[in-house]
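J.: Below is one structure. I have some questions about it.
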Amino acid sequence: MVIQAKDIMTREVVTVEGSATVATAVGLMKEKGLRALIVEPRNENDPYGMVTETDIVYKVAAYGHDPKKMRVYEIMTKPCIVVNPELGIEYVSRLFANTRIRRAPVIKEKLLGIISISDILKKGDFIDKPKRLFIEDEIDAARDDARTICAQKGATSKECAAAWDIVEELQAAAAHQRVEKKEKNSLATYCDENPEAPECRIDDN
């Protein structure tokens with residue numbers, strides 16, 4: 001059974017409005033023991049955002065800004081990267097690694113939960129059941145990652161170029177595998193499975 005994002009996500013999500021003060025966000029984080037809050041969309045067509053403790057420390061505390069006057073929308077990430085609830089945790093892990101994020105909201109038509117690196121470590125099965133993706137699946141996942149990264153960082157960014165380099169490398173590896181498979185004839189395949197068969201023995205004399 002493949003563990004999906006919906007199986008390990010945290011379902012109780014605390015949200016905050018973008019117009020709220022940073023002080024309000026900090027208060028919610030302290031009260032709930034959280035490191036991030038989902039920022040509510042302003043309307044049905046507006047994307048979700050996210051504000052993290054890192055945003056607050058790096059963008060507010062580090063510059064001496066007044067958290068009672070500064071608003072969440074000034075420091076949040078929006079739109080933020082989101083995860084489909086049916087996505088396997090190996091894909092979620094790859095998405096996190098390629099985009100350098102630690103958590104993401106789980107959304108399908110509506111907000112269902114939030115998944116983090118901690119959820120993968122504590123609730124995932126990758127230690128007991130490590131999964132190597134089929135290369136075709138890896139290509140699809142890498143392509144999705146590249147599109148996500150390019151949408152967030154920009155089509156001309158270094159991160160976007162690096163993401164598409166990964167896709168090209170995987171495609172080249174897949175093409176090489178197909179060539180090797182085609183070159184291997186039926187006798188070679190038979191001999192791999194039956195090395196002691198008379199027709200597979202090599203007479204050196």
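FYI, nothing fancy with the structure tokens labels: chains A, B, ... in order, residues from 1 per chain, ligands from 1 as they appear.
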Can you pull out every residue within 9 Å of A:Thr99, counting only C-alpha atoms, but drop anything in the same chain fewer than 4 positions away, and send it as a PDB file with all heavy atoms, in the first residue's frame?

T.:
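After the write, result_21.pdb holds the following:
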ATOM      1  N   ILE A  81       3.387  26.696  -2.605  1.00  0.00           N
ATOM      2  CA  ILE A  81       3.359  25.380  -3.236  1.00  0.00           C
ATOM      3  C   ILE A  81       2.370  24.498  -2.479  1.00  0.00           C
ATOM      4  O   ILE A  81       2.367  24.474  -1.246  1.00  0.00           O
ATOM      5  CB  ILE A  81       4.759  24.752  -3.229  1.00  0.00           C
ATOM      6  CG1 ILE A  81       5.680  25.556  -4.154  1.00  0.00           C
ATOM      7  CG2 ILE A  81       4.723  23.288  -3.665  1.00  0.00           C
ATOM      8  CD1 ILE A  81       7.136  25.178  -4.059  1.00  0.00           C
ATOM      9  N   ARG A  94      10.335  14.495  -2.757  1.00  0.00           N
ATOM     10  CA  ARG A  94      11.088  15.056  -3.880  1.00  0.00           C
ATOM     11  C   ARG A  94      10.706  16.516  -4.117  1.00  0.00           C
ATOM     12  O   ARG A  94      11.553  17.360  -4.380  1.00  0.00           O
ATOM     13  CB  ARG A  94      10.802  14.234  -5.136  1.00  0.00           C
ATOM     14  CG  ARG A  94      11.261  14.922  -6.404  1.00  0.00           C
ATOM     15  CD  ARG A  94      12.360  14.346  -7.166  1.00  0.00           C
ATOM     16  NE  ARG A  94      12.735  13.009  -6.960  1.00  0.00           N
ATOM     17  CZ  ARG A  94      13.046  12.206  -7.978  1.00  0.00           C
ATOM     18  NH1 ARG A  94      12.919  12.651  -9.210  1.00  0.00           N
ATOM     19  NH2 ARG A  94      13.484  11.020  -7.764  1.00  0.00           N
ATOM     20  N   LEU A  95       9.412  16.824  -4.013  1.00  0.00           N
ATOM     21  CA  LEU A  95       8.946  18.197  -4.181  1.00  0.00           C
ATOM     22  C   LEU A  95       9.578  19.110  -3.130  1.00  0.00           C
ATOM     23  O   LEU A  95      10.049  20.205  -3.437  1.00  0.00           O
ATOM     24  CB  LEU A  95       7.423  18.243  -4.083  1.00  0.00           C
ATOM     25  CG  LEU A  95       6.765  19.621  -4.226  1.00  0.00           C
ATOM     26  CD1 LEU A  95       7.012  20.190  -5.613  1.00  0.00           C
ATOM     27  CD2 LEU A  95       5.273  19.532  -3.952  1.00  0.00           C
ATOM     28  N   ASP A 145       7.618  18.955 -10.867  1.00  0.00           N
ATOM     29  CA  ASP A 145       8.430  19.792  -9.979  1.00  0.00           C
ATOM     30  C   ASP A 145       8.977  20.995 -10.722  1.00  0.00           C
ATOM     31  O   ASP A 145       8.975  22.119 -10.216  1.00  0.00           O
ATOM     32  CB  ASP A 145       9.593  18.979  -9.400  1.00  0.00           C
ATOM     33  CG  ASP A 145       9.132  17.931  -8.400  1.00  0.00           C
ATOM     34  OD1 ASP A 145       7.966  18.004  -7.970  1.00  0.00           O
ATOM     35  OD2 ASP A 145       9.934  17.046  -8.059  1.00  0.00           O
ATOM     36  N   THR A 148       6.398  23.600 -11.278  1.00  0.00           N
ATOM     37  CA  THR A 148       6.097  24.290 -10.016  1.00  0.00           C
ATOM     38  C   THR A 148       7.183  25.297  -9.668  1.00  0.00           C
ATOM     39  O   THR A 148       6.907  26.448  -9.307  1.00  0.00           O
ATOM     40  CB  THR A 148       5.962  23.262  -8.874  1.00  0.00           C
ATOM     41  OG1 THR A 148       4.898  22.361  -9.174  1.00  0.00           O
ATOM     42  CG2 THR A 148       5.660  23.959  -7.552  1.00  0.00           C
ATOM     43  N   ILE A 149       8.437  24.856  -9.780  1.00  0.00           N
ATOM     44  CA  ILE A 149       9.567  25.722  -9.452  1.00  0.00           C
ATOM     45  C   ILE A 149       9.638  26.920 -10.385  1.00  0.00           C
ATOM     46  O   ILE A 149       9.860  28.060  -9.947  1.00  0.00           O
ATOM     47  CB  ILE A 149      10.878  24.915  -9.503  1.00  0.00           C
ATOM     48  CG1 ILE A 149      10.897  23.875  -8.380  1.00  0.00           C
ATOM     49  CG2 ILE A 149      12.096  25.831  -9.394  1.00  0.00           C
ATOM     50  CD1 ILE A 149      12.000  22.837  -8.515  1.00  0.00           C
ATOM     51  N   GLU A 159      17.075  28.195 -10.536  1.00  0.00           N
ATOM     52  CA  GLU A 159      16.341  27.047  -9.990  1.00  0.00           C
ATOM     53  C   GLU A 159      15.498  26.365 -11.070  1.00  0.00           C
ATOM     54  O   GLU A 159      15.418  25.141 -11.127  1.00  0.00           O
ATOM     55  CB  GLU A 159      15.433  27.496  -8.846  1.00  0.00           C
ATOM     56  CG  GLU A 159      16.171  27.974  -7.614  1.00  0.00           C
ATOM     57  CD  GLU A 159      16.533  29.445  -7.642  1.00  0.00           C
ATOM     58  OE1 GLU A 159      16.374  30.090  -8.708  1.00  0.00           O
ATOM     59  OE2 GLU A 159      16.976  29.957  -6.603  1.00  0.00           O
TER      60      GLU A 159
END

J.: Find the residues around stretch 164-179 of chain A up to 7 Å (only C-alpha atoms counted), leave out those fewer than 5 positions away in its own chain, and share them as an mmCIF file with C-alpha atoms, in the first residue's frame.

T.:
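Wrote it out as part-v9.cif, contents follow:
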data_model
loop_
_atom_site.group_PDB
_atom_site.id
_atom_site.type_symbol
_atom_site.label_atom_id
_atom_site.label_comp_id
_atom_site.auth_asym_id
_atom_site.auth_seq_id
_atom_site.Cartn_x
_atom_site.Cartn_y
_atom_site.Cartn_z
ATOM 1 C CA ILE A 135 12.075 6.050 -14.207
ATOM 2 C CA ILE A 139 10.305 11.831 -15.182
ATOM 3 C CA ALA A 142 10.475 15.812 -12.096
ATOM 4 C CA ARG A 143 8.483 17.522 -14.848
ATOM 5 C CA ALA A 146 10.059 21.831 -12.740
#

J.: Using only C-alpha atoms, find the one residue out of A:Pro79, A:Pro67, A:Gly113, A:Pro41 that sits nearest to A:Lys153.

T.: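 When distances to A:Lys153 are compared using only C-alpha atoms, the smallest one comes from A:Pro79.
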
J.: Show which residues sit within 7 Å of stretch 2-11 of chain A, as an mmCIF file with all heavy atoms, in the first residue's frame. Count only C-alpha atoms, and ignore same-chain residues fewer than 6 positions away.

T.:
data_model
loop_
_atom_site.group_PDB
_atom_site.id
_atom_site.type_symbol
_atom_site.label_atom_id
_atom_site.label_comp_id
_atom_site.auth_asym_id
_atom_site.auth_seq_id
_atom_site.Cartn_x
_atom_site.Cartn_y
_atom_site.Cartn_z
ATOM 1 N N PRO A 85 -3.732 15.566 -2.241
ATOM 2 C CA PRO A 85 -3.856 14.544 -1.188
ATOM 3 C C PRO A 85 -3.498 13.132 -1.645
ATOM 4 O O PRO A 85 -3.105 12.293 -0.824
ATOM 5 C CB PRO A 85 -5.323 14.638 -0.763
ATOM 6 C CG PRO A 85 -6.023 15.297 -1.912
ATOM 7 C CD PRO A 85 -5.025 16.240 -2.495
ATOM 8 N N GLU A 86 -3.614 12.841 -2.954
ATOM 9 C CA GLU A 86 -3.300 11.497 -3.460
ATOM 10 C C GLU A 86 -1.821 11.314 -3.785
ATOM 11 O O GLU A 86 -1.402 10.229 -4.188
ATOM 12 C CB GLU A 86 -4.121 11.192 -4.712
ATOM 13 C CG GLU A 86 -5.543 10.713 -4.440
ATOM 14 C CD GLU A 86 -6.494 11.881 -4.189
ATOM 15 O OE1 GLU A 86 -6.309 12.918 -4.843
ATOM 16 O OE2 GLU A 86 -7.391 11.746 -3.346
ATOM 17 N N LEU A 87 -1.016 12.335 -3.595
ATOM 18 C CA LEU A 87 0.396 12.258 -3.942
ATOM 19 C C LEU A 87 1.142 11.357 -2.952
ATOM 20 O O LEU A 87 0.999 11.498 -1.740
ATOM 21 C CB LEU A 87 1.008 13.659 -3.917
ATOM 22 C CG LEU A 87 2.292 13.886 -4.715
ATOM 23 C CD1 LEU A 87 2.058 13.652 -6.197
ATOM 24 C CD2 LEU A 87 2.810 15.293 -4.496
ATOM 25 N N GLY A 88 1.911 10.394 -3.466
ATOM 26 C CA GLY A 88 2.689 9.505 -2.609
ATOM 27 C C GLY A 88 3.777 10.284 -1.882
ATOM 28 O O GLY A 88 4.277 11.296 -2.388
ATOM 29 N N ILE A 89 4.161 9.797 -0.698
ATOM 30 C CA ILE A 89 5.105 10.588 0.100
ATOM 31 C C ILE A 89 6.481 10.667 -0.547
ATOM 32 O O ILE A 89 7.233 11.610 -0.268
ATOM 33 C CB ILE A 89 5.233 10.048 1.546
ATOM 34 C CG1 ILE A 89 5.725 8.602 1.566
ATOM 35 C CG2 ILE A 89 3.929 10.186 2.288
ATOM 36 C CD1 ILE A 89 6.087 8.130 2.968
ATOM 37 N N LEU A 112 -7.495 20.770 2.957
ATOM 38 C CA LEU A 112 -7.752 19.526 3.678
ATOM 39 C C LEU A 112 -6.820 19.329 4.867
ATOM 40 O O LEU A 112 -7.168 18.636 5.830
ATOM 41 C CB LEU A 112 -7.596 18.329 2.727
ATOM 42 C CG LEU A 112 -8.500 18.317 1.495
ATOM 43 C CD1 LEU A 112 -8.143 17.136 0.609
ATOM 44 C CD2 LEU A 112 -9.965 18.265 1.898
ATOM 45 N N GLY A 113 -5.634 19.910 4.795
ATOM 46 C CA GLY A 113 -4.664 19.723 5.865
ATOM 47 C C GLY A 113 -3.337 20.353 5.486
ATOM 48 O O GLY A 113 -3.241 21.124 4.535
ATOM 49 N N ILE A 114 -2.305 19.990 6.227
ATOM 50 C CA ILE A 114 -0.963 20.472 5.948
ATOM 51 C C ILE A 114 -0.005 19.311 6.173
ATOM 52 O O ILE A 114 -0.200 18.494 7.076
ATOM 53 C CB ILE A 114 -0.610 21.686 6.843
ATOM 54 C CG1 ILE A 114 0.734 22.286 6.435
ATOM 55 C CG2 ILE A 114 -0.621 21.315 8.310
ATOM 56 C CD1 ILE A 114 1.003 23.637 7.085
ATOM 57 N N ILE A 115 1.005 19.197 5.320
ATOM 58 C CA ILE A 115 1.987 18.120 5.444
ATOM 59 C C ILE A 115 3.372 18.747 5.579
ATOM 60 O O ILE A 115 3.677 19.751 4.922
ATOM 61 C CB ILE A 115 1.922 17.152 4.243
ATOM 62 C CG1 ILE A 115 2.855 15.965 4.467
ATOM 63 C CG2 ILE A 115 2.225 17.861 2.928
ATOM 64 C CD1 ILE A 115 2.652 14.844 3.461
ATOM 65 N N ASP A 119 6.061 15.204 9.425
ATOM 66 C CA ASP A 119 5.058 14.171 9.162
ATOM 67 C C ASP A 119 5.681 13.002 8.399
ATOM 68 O O ASP A 119 5.409 11.833 8.691
ATOM 69 C CB ASP A 119 3.897 14.746 8.346
ATOM 70 C CG ASP A 119 3.074 15.753 9.127
ATOM 71 O OD1 ASP A 119 2.867 15.531 10.327
ATOM 72 O OD2 ASP A 119 2.655 16.766 8.538
ATOM 73 N N LYS A 123 5.709 9.620 10.360
ATOM 74 C CA LYS A 123 4.595 8.759 9.953
ATOM 75 C C LYS A 123 4.842 7.985 8.663
ATOM 76 O O LYS A 123 4.079 7.089 8.323
ATOM 77 C CB LYS A 123 3.323 9.599 9.783
ATOM 78 C CG LYS A 123 2.974 10.447 11.002
ATOM 79 C CD LYS A 123 1.822 11.391 10.683
ATOM 80 C CE LYS A 123 1.591 12.402 11.795
ATOM 81 N NZ LYS A 123 0.546 13.386 11.457
#

J.: In Å, how far is it from atom CA of A:Ala62 to atom CA of A:Met50?

T.: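 Computing the Euclidean distance for atom CA of A:Ala62 and atom CA of A:Met50 yields 19.2 Å.
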
J.: Could you name the residues that touch stretch 24-29 of chain A at 10 Å or less, counting only C-alpha atoms, but leaving out those on the same chain fewer than 2 positions away, as a PDB file with C-alpha atoms, in the first residue's frame?

T.:
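Listed below is the output, result28.pdb:
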ATOM      1  CA  VAL A  14      -4.789  26.951  11.745  1.00  0.00           C
ATOM      2  CA  THR A  15      -5.314  29.796   9.292  1.00  0.00           C
ATOM      3  CA  VAL A  16      -4.830  33.530   9.478  1.00  0.00           C
ATOM      4  CA  GLU A  17      -5.977  36.412   7.304  1.00  0.00           C
ATOM      5  CA  GLY A  18      -3.422  38.273   5.243  1.00  0.00           C
ATOM      6  CA  ALA A  20      -3.844  40.342  10.310  1.00  0.00           C
ATOM      7  CA  THR A  21      -0.824  41.789  12.076  1.00  0.00           C
ATOM      8  CA  VAL A  22       2.348  39.775  12.407  1.00  0.00           C
ATOM      9  CA  GLU A  31      -0.867  29.308  21.400  1.00  0.00           C
ATOM     10  CA  LYS A  32      -1.095  26.332  19.028  1.00  0.00           C
ATOM     11  CA  GLY A  33       2.581  25.340  19.116  1.00  0.00           C
ATOM     12  CA  LEU A  34       2.984  25.789  15.355  1.00  0.00           C
ATOM     13  CA  ARG A  35       5.804  26.870  13.060  1.00  0.00           C
ATOM     14  CA  ALA A  36       3.601  28.025  10.195  1.00  0.00           C
ATOM     15  CA  LEU A  37       0.103  29.263   9.417  1.00  0.00           C
ATOM     16  CA  VAL A  39      -3.024  32.385   4.932  1.00  0.00           C
ATOM     17  CA  VAL A  51       3.598  32.488   6.711  1.00  0.00           C
ATOM     18  CA  THR A  52       6.288  30.716   8.734  1.00  0.00           C
ATOM     19  CA  GLU A  53       8.377  31.417  11.795  1.00  0.00           C
ATOM     20  CA  ILE A  56       8.837  36.403  10.872  1.00  0.00           C
ATOM     21  CA  PRO A  67       5.081  43.246  14.465  1.00  0.00           C
ATOM     22  CA  LYS A  68       2.029  45.109  15.757  1.00  0.00           C
ATOM     23  CA  ARG A  71       0.801  42.800   8.217  1.00  0.00           C
ATOM     24  CA  VAL A  72       0.999  39.136   7.335  1.00  0.00           C
TER      25      VAL A  72
END

J.: Run DSSP on the backbone of this structure and report the residues of stretch 4-74 of chain A it assigns to strand (DSSP E), as a list in words.

T.: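 Put together, the selection reads Thr15, Val16, Ala36, Leu37, Ile38, Val39, Gly49, Met50, Val51 and Thr52 of chain A.
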
J.: Could you jot down the atom CA of A:Asp144 to atom CA of A:Val13 separation for me, Å, one decimal place?

T.: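 Going from atom CA of A:Asp144 over to atom CA of A:Val13 covers 25.5 Å.
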
J.: Just the number, please: distance in Å from atom CA of A:Val83 to atom CA of A:Met70, one decimal.

T.: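 About the pair atom CA of A:Val83 and atom CA of A:Met70: they are 28.8 Å apart.
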
J.: Between A:Asp66, A:Cys160, A:Lys110, A:Ala97, which has the minimum distance to A:Asn45 (counting only C-alpha atoms)?

T.: A:Lys110
